[in-house]
file run36.cif (mmCIF, C-alpha atoms)
data_run
loop_
_atom_site.group_PDB
_atom_site.id
_atom_site.type_symbol
_atom_site.label_atom_id
_atom_site.label_comp_id
_atom_site.auth_asym_id
_atom_site.auth_seq_id
_atom_site.Cartn_x
_atom_site.Cartn_y
_atom_site.Cartn_z
ATOM 1 C CA MET A 1 -154.695 125.071 40.182
ATOM 2 C CA THR A 2 -151.393 126.207 41.696
ATOM 3 C CA ALA A 3 -148.556 127.537 39.600
ATOM 4 C CA ILE A 4 -146.665 124.288 40.226
ATOM 5 C CA GLU A 5 -149.516 122.096 39.044
ATOM 6 C CA LYS A 6 -150.051 124.353 36.034
ATOM 7 C CA TYR A 7 -146.366 124.025 35.097
ATOM 8 C CA LEU A 8 -146.342 120.250 35.548
ATOM 9 C CA THR A 9 -149.599 119.775 33.648
ATOM 10 C CA GLU A 10 -148.295 121.839 30.746
ATOM 11 C CA LEU A 11 -145.046 119.886 30.690
ATOM 12 C CA ASP A 12 -146.946 116.615 30.832
ATOM 13 C CA GLU A 13 -149.149 117.644 27.923
ATOM 14 C CA LEU A 14 -146.168 118.736 25.836
ATOM 15 C CA LEU A 15 -144.699 115.269 26.228
ATOM 16 C CA LEU A 16 -147.869 113.220 25.763
ATOM 17 C CA ASP A 17 -146.420 111.253 22.846
ATOM 18 C CA VAL A 18 -143.149 110.512 24.654
ATOM 19 C CA ASP A 19 -142.412 107.218 26.400
ATOM 20 C CA PRO A 20 -144.513 107.405 29.610
ATOM 21 C CA ALA A 21 -141.592 106.190 31.726
ATOM 22 C CA ILE A 22 -139.497 109.163 30.593
ATOM 23 C CA ARG A 23 -142.360 111.642 30.835
ATOM 24 C CA ASP A 24 -143.410 110.485 34.301
ATOM 25 C CA GLY A 25 -139.802 110.388 35.482
ATOM 26 C CA LEU A 26 -139.270 113.979 34.426
ATOM 27 C CA VAL A 27 -142.577 115.356 35.717
ATOM 28 C CA ASN A 28 -142.371 113.465 39.004
ATOM 29 C CA GLY A 29 -138.712 114.400 39.396
ATOM 30 C CA ILE A 30 -139.683 118.069 39.307
ATOM 31 C CA ARG A 31 -142.724 117.488 41.537
ATOM 32 C CA GLU A 32 -140.567 115.767 44.186
ATOM 33 C CA GLU A 33 -138.209 118.695 44.335
ATOM 34 C CA LEU A 34 -140.936 121.296 44.727
ATOM 35 C CA ALA A 35 -142.954 119.409 47.339
ATOM 36 C CA GLY A 36 -143.131 121.250 50.625
ATOM 37 C CA MET A 37 -141.729 124.510 49.227
ATOM 38 C CA SER A 38 -143.477 127.822 49.504
ATOM 39 C CA ASP A 39 -145.060 129.096 46.292
ATOM 40 C CA ALA A 40 -142.389 131.773 46.002
ATOM 41 C CA ASP A 41 -139.506 129.286 46.375
ATOM 42 C CA ALA A 42 -141.141 126.883 43.946
ATOM 43 C CA ALA A 43 -141.696 129.650 41.412
ATOM 44 C CA GLU A 44 -138.023 130.605 41.700
ATOM 45 C CA ARG A 45 -136.982 126.977 41.086
ATOM 46 C CA LEU A 46 -139.249 126.728 38.079
ATOM 47 C CA ARG A 47 -137.845 129.944 36.654
ATOM 48 C CA ALA A 48 -134.365 128.463 37.038
ATOM 49 C CA ILE A 49 -135.131 125.342 35.026
ATOM 50 C CA GLY A 50 -136.959 127.222 32.297
ATOM 51 C CA ALA A 51 -140.420 127.177 30.770
ATOM 52 C CA PRO A 52 -142.189 123.844 30.158
ATOM 53 C CA ALA A 53 -141.676 124.302 26.407
ATOM 54 C CA PHE A 54 -137.896 124.607 26.905
ATOM 55 C CA VAL A 55 -137.701 121.540 29.184
ATOM 56 C CA ALA A 56 -139.880 119.512 26.820
ATOM 57 C CA ALA A 57 -137.809 120.581 23.814
ATOM 58 C CA SER A 58 -134.632 119.500 25.617
ATOM 59 C CA ALA A 59 -136.117 116.080 26.299
ATOM 60 C CA ARG A 60 -137.203 115.753 22.684
ATOM 61 C CA ALA A 61 -133.803 116.831 21.410
ATOM 62 C CA GLU A 62 -132.136 114.158 23.514
ATOM 63 C CA LEU A 63 -134.631 111.528 22.397
ATOM 64 C CA SER A 64 -133.952 112.320 18.771
ATOM 65 C CA GLN A 65 -130.254 111.537 19.178
ATOM 66 C CA PRO A 66 -129.118 108.217 17.715
ATOM 67 C CA LYS A 67 -128.393 105.719 20.437
ATOM 68 C CA ALA A 68 -124.770 105.465 21.440
ATOM 69 C CA ALA A 69 -122.987 102.508 19.943
ATOM 70 C CA ARG A 70 -123.040 99.650 22.368
ATOM 71 C CA ARG A 71 -121.313 96.331 22.499
ATOM 72 C CA ASN A 72 -123.484 93.625 21.053
ATOM 73 C CA ASP A 73 -122.938 89.883 21.263
ATOM 74 C CA PRO A 74 -123.219 87.997 17.968
ATOM 75 C CA ALA A 75 -126.000 85.401 17.760
ATOM 76 C CA TRP A 76 -123.570 82.483 17.922
ATOM 77 C CA TYR A 77 -122.263 83.746 21.270
ATOM 78 C CA SER A 78 -125.716 83.656 22.875
ATOM 79 C CA VAL A 79 -126.453 80.222 21.404
ATOM 80 C CA ALA A 80 -123.082 78.835 22.540
ATOM 81 C CA THR A 81 -123.668 80.215 26.029
ATOM 82 C CA VAL A 82 -127.086 78.585 26.244
ATOM 83 C CA VAL A 83 -125.770 75.264 24.901
ATOM 84 C CA LEU A 84 -122.868 75.246 27.359
ATOM 85 C CA GLY A 85 -125.044 76.373 30.253
ATOM 86 C CA SER A 86 -127.694 73.763 29.609
ATOM 87 C CA ILE A 87 -125.766 70.673 28.477
ATOM 88 C CA GLY A 88 -122.152 71.847 28.707
ATOM 89 C CA GLY A 89 -121.703 69.707 31.795
ATOM 90 C CA PHE A 90 -122.399 66.645 29.661
ATOM 91 C CA LEU A 91 -120.262 67.717 26.726
ATOM 92 C CA ILE A 92 -117.245 68.626 28.856
ATOM 93 C CA PRO A 93 -117.821 67.476 32.444
ATOM 94 C CA VAL A 94 -117.793 70.390 34.944
ATOM 95 C CA LEU A 95 -115.656 72.611 32.705
ATOM 96 C CA GLY A 96 -118.460 72.967 30.143
ATOM 97 C CA SER A 97 -120.811 74.449 32.731
ATOM 98 C CA ILE A 98 -118.103 76.743 34.096
ATOM 99 C CA ILE A 99 -117.309 78.081 30.612
ATOM 100 C CA GLY A 100 -121.043 78.588 30.062
ATOM 101 C CA LEU A 101 -121.315 80.582 33.287
ATOM 102 C CA VAL A 102 -118.327 82.785 32.427
ATOM 103 C CA MET A 103 -119.760 83.476 28.970
ATOM 104 C CA LEU A 104 -123.150 84.226 30.520
ATOM 105 C CA TRP A 105 -121.753 86.834 32.904
ATOM 106 C CA MET A 106 -119.539 88.424 30.232
ATOM 107 C CA ALA A 107 -122.423 88.759 27.767
ATOM 108 C CA ALA A 108 -123.562 92.259 26.843
ATOM 109 C CA ASN A 109 -127.005 91.266 25.613
ATOM 110 C CA TRP A 110 -128.278 90.000 28.955
ATOM 111 C CA GLN A 111 -129.145 92.137 31.940
ATOM 112 C CA LEU A 112 -128.612 91.203 35.556
ATOM 113 C CA ARG A 113 -131.938 89.384 35.886
ATOM 114 C CA HIS A 114 -131.178 87.254 32.835
ATOM 115 C CA LYS A 115 -127.767 86.370 34.217
ATOM 116 C CA VAL A 116 -129.192 85.374 37.609
ATOM 117 C CA VAL A 117 -131.795 83.153 35.946
ATOM 118 C CA GLY A 118 -129.123 81.723 33.636
ATOM 119 C CA THR A 119 -126.933 80.905 36.625
ATOM 120 C CA LEU A 120 -129.808 79.090 38.357
ATOM 121 C CA LEU A 121 -130.579 77.170 35.172
ATOM 122 C CA THR A 122 -126.913 76.248 34.790
ATOM 123 C CA ALA A 123 -126.817 75.116 38.410
ATOM 124 C CA LEU A 124 -129.712 72.835 37.539
ATOM 125 C CA GLY A 125 -127.720 72.082 34.375
ATOM 126 C CA SER A 126 -127.269 68.363 34.243
ATOM 127 C CA GLY A 127 -130.148 68.104 36.680
ATOM 128 C CA GLY A 128 -132.348 69.804 34.137
ATOM 129 C CA VAL A 129 -131.715 67.052 31.628
ATOM 130 C CA PHE A 130 -132.494 64.477 34.294
ATOM 131 C CA LEU A 131 -135.694 66.360 35.019
ATOM 132 C CA MET A 132 -136.582 65.857 31.371
ATOM 133 C CA LEU A 133 -136.108 62.109 31.725
ATOM 134 C CA VAL A 134 -137.778 61.572 35.089
ATOM 135 C CA PRO A 135 -141.384 61.772 33.802
ATOM 136 C CA PHE A 136 -140.804 58.916 31.348
ATOM 137 C CA TYR A 137 -138.836 56.961 33.906
ATOM 138 C CA SER A 138 -141.458 57.579 36.544
ATOM 139 C CA VAL A 139 -144.397 56.640 34.332
ATOM 140 C CA ALA A 140 -142.567 53.522 33.227
ATOM 141 C CA THR A 141 -142.016 52.640 36.880
ATOM 142 C CA VAL A 142 -145.664 53.105 37.735
ATOM 143 C CA THR A 143 -146.843 50.997 34.846
ATOM 144 C CA THR A 144 -144.357 48.203 35.429
ATOM 145 C CA SER A 145 -144.170 48.034 39.202
ATOM 146 C CA GLY A 146 -147.918 47.838 39.754
ATOM 147 C CA SER A 147 -149.323 48.848 43.130
ATOM 148 C CA GLY A 148 -145.966 49.146 44.776
ATOM 149 C CA ASP A 149 -146.094 45.935 46.816
ATOM 150 C CA ASN A 150 -142.549 45.285 45.835
ATOM 151 C CA PRO A 151 -141.008 48.759 45.797
ATOM 152 C CA ASN A 152 -137.577 49.214 44.371
ATOM 153 C CA PRO A 153 -135.442 50.757 47.136
ATOM 154 C CA LEU A 154 -133.352 52.553 44.516
ATOM 155 C CA ILE A 155 -136.355 54.566 43.308
ATOM 156 C CA PRO A 156 -137.533 57.428 45.546
ATOM 157 C CA ALA A 157 -141.127 56.802 46.547
ATOM 158 C CA ALA A 158 -142.142 60.230 45.294
ATOM 159 C CA ALA A 159 -140.738 59.518 41.838
ATOM 160 C CA SER A 160 -143.114 56.647 41.306
ATOM 161 C CA ALA A 161 -146.293 58.678 41.871
ATOM 162 C CA PRO A 162 -148.037 60.145 38.821
ATOM 163 C CA TRP A 163 -148.326 63.559 40.416
ATOM 164 C CA SER A 164 -144.600 63.713 40.906
ATOM 165 C CA ALA A 165 -144.161 62.864 37.239
ATOM 166 C CA ILE A 166 -146.306 65.866 36.431
ATOM 167 C CA LEU A 167 -144.289 68.029 38.828
ATOM 168 C CA PHE A 168 -141.009 66.914 37.314
ATOM 169 C CA PHE A 169 -142.390 67.483 33.849
ATOM 170 C CA ALA A 170 -143.464 71.014 34.803
ATOM 171 C CA LEU A 171 -139.989 71.694 36.194
ATOM 172 C CA ALA A 172 -138.405 70.316 33.064
ATOM 173 C CA VAL A 173 -140.584 72.525 30.884
ATOM 174 C CA ALA A 174 -139.739 75.557 33.066
ATOM 175 C CA TRP A 175 -136.021 74.730 32.758
ATOM 176 C CA PHE A 176 -136.297 74.426 28.994
ATOM 177 C CA ALA A 177 -138.482 77.552 28.732
ATOM 178 C CA GLY A 178 -135.937 79.468 30.836
ATOM 179 C CA TRP A 179 -133.212 78.846 28.276
ATOM 180 C CA ILE A 180 -135.518 79.771 25.410
ATOM 181 C CA TRP A 181 -136.393 82.992 27.264
ATOM 182 C CA LEU A 182 -132.694 83.835 27.505
ATOM 183 C CA LEU A 183 -132.214 83.258 23.782
ATOM 184 C CA VAL A 184 -135.202 85.477 22.976
ATOM 185 C CA ALA A 185 -133.961 88.197 25.348
ATOM 186 C CA ALA A 186 -130.524 88.142 23.700
ATOM 187 C CA GLU A 187 -132.095 88.381 20.245
ATOM 188 C CA CYS A 188 -134.320 91.304 21.326
ATOM 189 C CA ALA A 189 -131.293 93.113 22.759
ATOM 190 C CA ARG A 190 -129.367 92.532 19.546
ATOM 191 C CA ARG A 191 -132.149 94.092 17.456
ATOM 192 C CA ARG A 192 -132.486 97.193 19.640
ATOM 193 C CA MET B 1 -126.411 128.024 16.689
ATOM 194 C CA THR B 2 -122.816 129.073 16.101
ATOM 195 C CA ALA B 3 -120.151 126.595 15.051
ATOM 196 C CA ALA B 4 -118.467 126.932 18.447
ATOM 197 C CA SER B 5 -121.622 126.247 20.454
ATOM 198 C CA ASP B 6 -122.504 123.366 18.138
ATOM 199 C CA GLN B 7 -119.087 121.830 18.835
ATOM 200 C CA ALA B 8 -119.628 122.218 22.567
ATOM 201 C CA THR B 9 -123.059 120.599 22.307
ATOM 202 C CA GLN B 10 -121.655 117.635 20.399
ATOM 203 C CA LEU B 11 -118.839 117.213 22.905
ATOM 204 C CA ARG B 12 -121.253 117.291 25.831
ATOM 205 C CA ARG B 13 -123.545 114.760 24.205
ATOM 206 C CA GLY B 14 -120.623 112.409 23.866
ATOM 207 C CA VAL B 15 -119.818 112.467 27.551
ATOM 208 C CA VAL B 16 -123.133 113.019 29.320
ATOM 209 C CA GLU B 17 -123.704 109.313 30.001
ATOM 210 C CA ALA B 18 -120.221 108.903 31.444
ATOM 211 C CA CYS B 19 -120.665 112.012 33.597
ATOM 212 C CA ILE B 20 -123.891 110.615 35.048
ATOM 213 C CA LEU B 21 -122.228 107.272 35.715
ATOM 214 C CA GLY B 22 -119.318 109.113 37.322
ATOM 215 C CA LEU B 23 -121.577 111.123 39.618
ATOM 216 C CA LEU B 24 -123.593 108.062 40.612
ATOM 217 C CA ALA B 25 -120.385 106.151 41.317
ATOM 218 C CA ARG B 26 -119.842 108.545 44.220
ATOM 219 C CA GLU B 27 -123.317 108.284 45.718
ATOM 220 C CA PRO B 28 -126.931 107.570 44.740
ATOM 221 C CA MET B 29 -128.621 110.795 43.646
ATOM 222 C CA TYR B 30 -132.142 111.895 42.757
ATOM 223 C CA GLY B 31 -133.050 113.431 39.411
ATOM 224 C CA TRP B 32 -133.090 117.073 40.374
ATOM 225 C CA GLN B 33 -129.818 116.704 42.258
ATOM 226 C CA LEU B 34 -128.178 115.085 39.232
ATOM 227 C CA ALA B 35 -129.530 117.740 36.882
ATOM 228 C CA ASP B 36 -128.372 120.504 39.185
ATOM 229 C CA ARG B 37 -124.826 119.141 39.270
ATOM 230 C CA LEU B 38 -124.698 118.595 35.525
ATOM 231 C CA ILE B 39 -126.093 122.041 34.721
ATOM 232 C CA THR B 40 -124.503 124.203 37.392
ATOM 233 C CA ASP B 41 -121.119 122.597 37.960
ATOM 234 C CA GLY B 42 -120.155 121.466 34.527
ATOM 235 C CA ALA B 43 -122.653 122.773 31.996
ATOM 236 C CA ILE B 44 -122.827 119.222 30.703
ATOM 237 C CA ILE B 45 -126.559 119.470 30.032
ATOM 238 C CA ALA B 46 -128.656 122.532 29.315
ATOM 239 C CA SER B 47 -131.866 121.412 30.985
ATOM 240 C CA ILE B 48 -133.344 118.850 33.340
ATOM 241 C CA GLY B 49 -135.336 117.712 30.307
ATOM 242 C CA THR B 50 -132.163 116.256 28.820
ATOM 243 C CA LEU B 51 -131.464 114.152 31.888
ATOM 244 C CA TYR B 52 -134.392 111.761 31.896
ATOM 245 C CA PRO B 53 -134.024 110.333 28.375
ATOM 246 C CA VAL B 54 -130.366 109.656 29.199
ATOM 247 C CA LEU B 55 -131.319 108.015 32.505
ATOM 248 C CA ALA B 56 -133.866 105.896 30.636
ATOM 249 C CA ARG B 57 -131.140 104.681 28.258
ATOM 250 C CA LEU B 58 -128.819 103.854 31.134
ATOM 251 C CA ARG B 59 -131.593 101.973 32.924
ATOM 252 C CA GLU B 60 -132.494 100.116 29.736
ATOM 253 C CA ARG B 61 -128.893 98.946 29.473
ATOM 254 C CA GLY B 62 -128.893 97.887 33.110
ATOM 255 C CA GLU B 63 -126.183 100.381 34.039
ATOM 256 C CA VAL B 64 -128.350 102.390 36.404
ATOM 257 C CA THR B 65 -131.181 101.340 38.659
ATOM 258 C CA SER B 66 -133.537 103.342 40.852
ATOM 259 C CA TYR B 67 -135.418 103.106 44.102
ATOM 260 C CA GLU B 68 -137.827 105.309 46.011
ATOM 261 C CA VAL B 69 -137.165 106.906 49.366
ATOM 262 C CA PRO B 70 -140.182 108.169 51.352
ATOM 263 C CA SER B 71 -140.248 111.902 51.897
ATOM 264 C CA GLU B 72 -141.872 113.740 54.797
ATOM 265 C CA SER B 73 -142.684 116.776 52.684
ATOM 266 C CA GLY B 74 -144.342 115.124 49.696
ATOM 267 C CA PRO B 75 -144.119 112.275 47.216
ATOM 268 C CA PRO B 76 -141.250 109.782 47.578
ATOM 269 C CA ARG B 77 -137.975 110.735 45.959
ATOM 270 C CA ARG B 78 -136.617 108.448 43.260
ATOM 271 C CA TYR B 79 -132.901 107.865 43.698
ATOM 272 C CA TYR B 80 -130.659 106.522 40.967
ATOM 273 C CA GLU B 81 -127.657 104.346 41.636
ATOM 274 C CA LEU B 82 -124.989 102.570 39.641
ATOM 275 C CA THR B 83 -125.179 98.836 38.969
ATOM 276 C CA ASP B 84 -122.198 96.546 38.533
ATOM 277 C CA ALA B 85 -122.682 96.848 34.770
ATOM 278 C CA GLY B 86 -122.584 100.641 35.138
ATOM 279 C CA ARG B 87 -119.352 100.450 37.120
ATOM 280 C CA ARG B 88 -117.792 98.296 34.423
ATOM 281 C CA THR B 89 -118.911 100.719 31.692
ATOM 282 C CA LEU B 90 -117.497 103.643 33.649
ATOM 283 C CA GLN B 91 -114.211 101.834 34.178
ATOM 284 C CA ILE B 92 -113.920 101.158 30.447
ATOM 285 C CA PHE B 93 -114.787 104.772 29.649
ATOM 286 C CA ARG B 94 -112.118 106.069 32.028
ATOM 287 C CA GLY B 95 -109.454 104.148 30.123
ATOM 288 C CA GLU B 96 -110.771 105.277 26.748
ATOM 289 C CA TRP B 97 -111.120 108.873 27.916
ATOM 290 C CA ILE B 98 -107.485 109.135 28.947
ATOM 291 C CA LEU B 99 -106.328 107.756 25.606
ATOM 292 C CA PHE B 100 -108.763 110.001 23.733
ATOM 293 C CA THR B 101 -107.877 113.238 25.490
ATOM 294 C CA THR B 102 -104.182 112.496 25.255
ATOM 295 C CA SER B 103 -104.466 112.001 21.501
ATOM 296 C CA VAL B 104 -106.615 115.067 20.938
ATOM 297 C CA GLU B 105 -104.347 117.166 23.106
ATOM 298 C CA ARG B 106 -101.407 116.075 21.012
ATOM 299 C CA TYR B 107 -103.154 117.169 17.805
ATOM 300 C CA ILE B 108 -104.625 120.478 18.889
ATOM 301 C CA THR B 109 -101.866 121.890 21.047
ATOM 302 C CA PRO B 110 -100.040 124.586 19.062
ATOM 303 C CA GLU B 111 -96.522 123.636 18.144
ATOM 304 C CA GLU B 112 -93.899 125.530 20.063
ATOM 305 C CA THR B 113 -91.922 127.874 17.888
ATOM 306 C CA SER B 114 -88.278 128.336 18.672
#

call {"tool": "encode", "arguments": {"input": "run36.cif", "output": "structure tokens"}}
result
Amino acid sequence: MTAIEKYLTELDELLLDVDPAIRDGLVNGIREELAGMSDADAAERLRAIGAPAFVAASARAELSQPKAARRNDPAWYSVATVVLGSIGGFLIPVLGSIIGLVMLWMAANWQLRHKVVGTLLTALGSGGVFLMLVPFYSVATVTTSGSGDNPNPLIPAAASAPWSAILFFALAVAWFAGWIWLLVAAECARRR
Amino acid sequence: MTAASDQATQLRRGVVEACILGLLAREPMYGWQLADRLITDGAIIASIGTLYPVLARLRERGEVTSYEVPSESGPPRRYYELTDAGRRTLQIFRGEWILFTTSVERYITPEETS
């Protein structure tokens, strides 16, 4: 075992009970820097950063600090954002969805990925509610219009097939689940 | 630890996140590079061990993200860069910092005696 590997192994062992993402980030961060160096240069670098025990103690000291105060949205804010994003377009045509989007992007409890998903769900917005209704509408069409000898030109052909009803239903569930996911994510962030 | 060094430690802890955001606002940097700047240039942190828990917090808050760059000499290097959320946080901190330092300066500067 080289001196570098010995150092990194010792550091890794000293931090075994620490969040693996932090431990691996630290150990790999040091490994990256030393890669390709001569043993003498690497040893000099390691001397500069201190013994594994010192580096591990520094990490532990930082981890024991209380988290910095961060802005947190109240629960009503997340709920209002989800309501406006999902059905705001119905409550206040156009403006409701826009307000929902602004609130979504100003929220502190959602990360970028949540905001992108929220924007897509809002874009589906009114469409999402229609998606909820299409399965019932479609099934009703199939059961009342028979074999389709006399198709209604106002109804898309695809909408009258049972499989499309299932597809629309799946989309509607995904749309609904997406909003629930955002609410859960906001709640988790609030409790952290 | 003496009272003076304890004060310095507390002050550094209060600004280390902002310093990292400030450095990353200039260019994406890898961990060792960040630690080197924070230790050597400003004595903001005492050890590279301090850096990674702070980076983890910043990543958790979506203020910093990372990506790997292949290296010819060994494992890929992980670079850290600022997100839009990080830029906003830094911008807010800059405003607060000016107000804060101005106020503290006003209190601690010895009064001129005539």

call {"tool": "interface_residues", "arguments": {"input": "run36.cif", "of": "chain A", "to": "chain B", "cutoff": "8 Å", "atoms": "only C-alpha atoms", "output": "list in words"}}
result
Ala21, Ile22, Gly25, Leu26, Gly29, Ile30, Arg31, Glu32, Glu33, Ala35, Gly36, Ile49, Gly50, Phe54, Val55, Ala56, Ala57, Ser58, Ala59, Arg60, Ala61, Glu62, Leu63, Gln111 and Leu112 of chain A

call {"tool": "resolve_selection", "arguments": {"input": "run36.cif", "expression": "the PyMOL selection byres ((chain A and resi 86-90) around 12)", "output": "NGL selection string"}}
result
:A and (79-85 or 91-101 or 103-104 or 118-130 or 172 or 175-180 or 182)

call {"tool": "atom_distance", "arguments": {"input": "run36.cif", "atom1": "atom CA of A:Asn28", "atom2": "atom CA of A:Tyr7"}}
result
11.9 Å

call {"tool": "closest_residue", "arguments": {"input": "run36.cif", "among": "A:Arg45, A:Arg23, A:Arg191, A:His114", "to": "A:Thr9", "atoms": "all atoms listed in the file"}}
result
A:Arg23

call {"tool": "residues_around", "arguments": {"input": "run36.cif", "residues": "stretch 86-100 of chain B", "least_positions_apart": "5", "cutoff": "10 Å", "atoms": "all atoms listed in the file", "output": "PDB file with C-alpha atoms, in the coordinates of the input"}}
result
ATOM      1  CA  VAL B  15    -119.818 112.467  27.551  1.00  0.00           C
ATOM      2  CA  GLU B  17    -123.704 109.313  30.001  1.00  0.00           C
ATOM      3  CA  ALA B  18    -120.221 108.903  31.444  1.00  0.00           C
ATOM      4  CA  CYS B  19    -120.665 112.012  33.597  1.00  0.00           C
ATOM      5  CA  ILE B  20    -123.891 110.615  35.048  1.00  0.00           C
ATOM      6  CA  LEU B  21    -122.228 107.272  35.715  1.00  0.00           C
ATOM      7  CA  GLY B  22    -119.318 109.113  37.322  1.00  0.00           C
ATOM      8  CA  LEU B  24    -123.593 108.062  40.612  1.00  0.00           C
ATOM      9  CA  ALA B  25    -120.385 106.151  41.317  1.00  0.00           C
ATOM     10  CA  LEU B  58    -128.819 103.854  31.134  1.00  0.00           C
ATOM     11  CA  ARG B  59    -131.593 101.973  32.924  1.00  0.00           C
ATOM     12  CA  ARG B  61    -128.893  98.946  29.473  1.00  0.00           C
ATOM     13  CA  GLY B  62    -128.893  97.887  33.110  1.00  0.00           C
ATOM     14  CA  GLU B  63    -126.183 100.381  34.039  1.00  0.00           C
ATOM     15  CA  VAL B  64    -128.350 102.390  36.404  1.00  0.00           C
ATOM     16  CA  THR B  65    -131.181 101.340  38.659  1.00  0.00           C
ATOM     17  CA  GLU B  81    -127.657 104.346  41.636  1.00  0.00           C
ATOM     18  CA  GLU B 105    -104.347 117.166  23.106  1.00  0.00           C
ATOM     19  CA  ARG B 106    -101.407 116.075  21.012  1.00  0.00           C
TER      20      ARG B 106
END

call {"tool": "atom_distance", "arguments": {"input": "run36.cif", "atom1": "atom CA of B:Leu82", "atom2": "atom CA of B:Val69"}}
result
16.2 Å

call {"tool": "build_atoms", "arguments": {"input": "run36.cif", "residues": "stretch 85-104 of chain B", "atoms": "N, CA and C atoms", "output": "short mmCIF file (atom, residue, chain, number, x, y, z; two decimals), keeping the file's coordinate frame"}}
result
data_model
loop_
_atom_site.label_atom_id
_atom_site.label_comp_id
_atom_site.auth_asym_id
_atom_site.auth_seq_id
_atom_site.Cartn_x
_atom_site.Cartn_y
_atom_site.Cartn_z
N ALA B 85 -122.91 96.62 36.21
CA ALA B 85 -122.68 96.85 34.77
C ALA B 85 -122.29 98.31 34.53
N GLY B 86 -122.92 99.22 35.27
CA GLY B 86 -122.58 100.64 35.14
C GLY B 86 -121.15 100.92 35.57
N ARG B 87 -120.74 100.26 36.65
CA ARG B 87 -119.35 100.45 37.12
C ARG B 87 -118.36 99.96 36.08
N ARG B 88 -118.70 98.83 35.46
CA ARG B 88 -117.79 98.30 34.42
C ARG B 88 -117.72 99.26 33.23
N THR B 89 -118.88 99.77 32.82
CA THR B 89 -118.91 100.72 31.69
C THR B 89 -118.08 101.96 32.03
N LEU B 90 -118.24 102.45 33.24
CA LEU B 90 -117.50 103.64 33.65
C LEU B 90 -115.99 103.37 33.65
N GLN B 91 -115.63 102.19 34.13
CA GLN B 91 -114.21 101.83 34.18
C GLN B 91 -113.63 101.80 32.77
N ILE B 92 -114.39 101.22 31.84
CA ILE B 92 -113.92 101.16 30.45
C ILE B 92 -113.79 102.57 29.89
N PHE B 93 -114.81 103.40 30.18
CA PHE B 93 -114.79 104.77 29.65
C PHE B 93 -113.58 105.55 30.17
N ARG B 94 -113.26 105.34 31.46
CA ARG B 94 -112.12 106.07 32.03
C ARG B 94 -110.84 105.78 31.23
N GLY B 95 -110.66 104.51 30.90
CA GLY B 95 -109.45 104.15 30.12
C GLY B 95 -109.48 104.79 28.74
N GLU B 96 -110.66 104.71 28.10
CA GLU B 96 -110.77 105.28 26.75
C GLU B 96 -110.62 106.80 26.77
N TRP B 97 -111.15 107.41 27.82
CA TRP B 97 -111.12 108.87 27.92
C TRP B 97 -109.68 109.39 28.01
N ILE B 98 -108.88 108.71 28.79
CA ILE B 98 -107.48 109.14 28.95
C ILE B 98 -106.77 109.05 27.60
N LEU B 99 -106.96 107.92 26.93
CA LEU B 99 -106.33 107.76 25.61
C LEU B 99 -106.82 108.83 24.64
N PHE B 100 -108.14 109.06 24.66
CA PHE B 100 -108.76 110.00 23.73
C PHE B 100 -108.25 111.43 23.96
N THR B 101 -108.29 111.85 25.21
CA THR B 101 -107.88 113.24 25.49
C THR B 101 -106.39 113.44 25.23
N THR B 102 -105.62 112.40 25.51
CA THR B 102 -104.18 112.50 25.26
C THR B 102 -103.93 112.69 23.76
N SER B 103 -104.66 111.90 22.96
CA SER B 103 -104.47 112.00 21.50
C SER B 103 -104.92 113.37 20.99
N VAL B 104 -106.09 113.79 21.43
CA VAL B 104 -106.62 115.07 20.94
C VAL B 104 -105.70 116.21 21.35
#
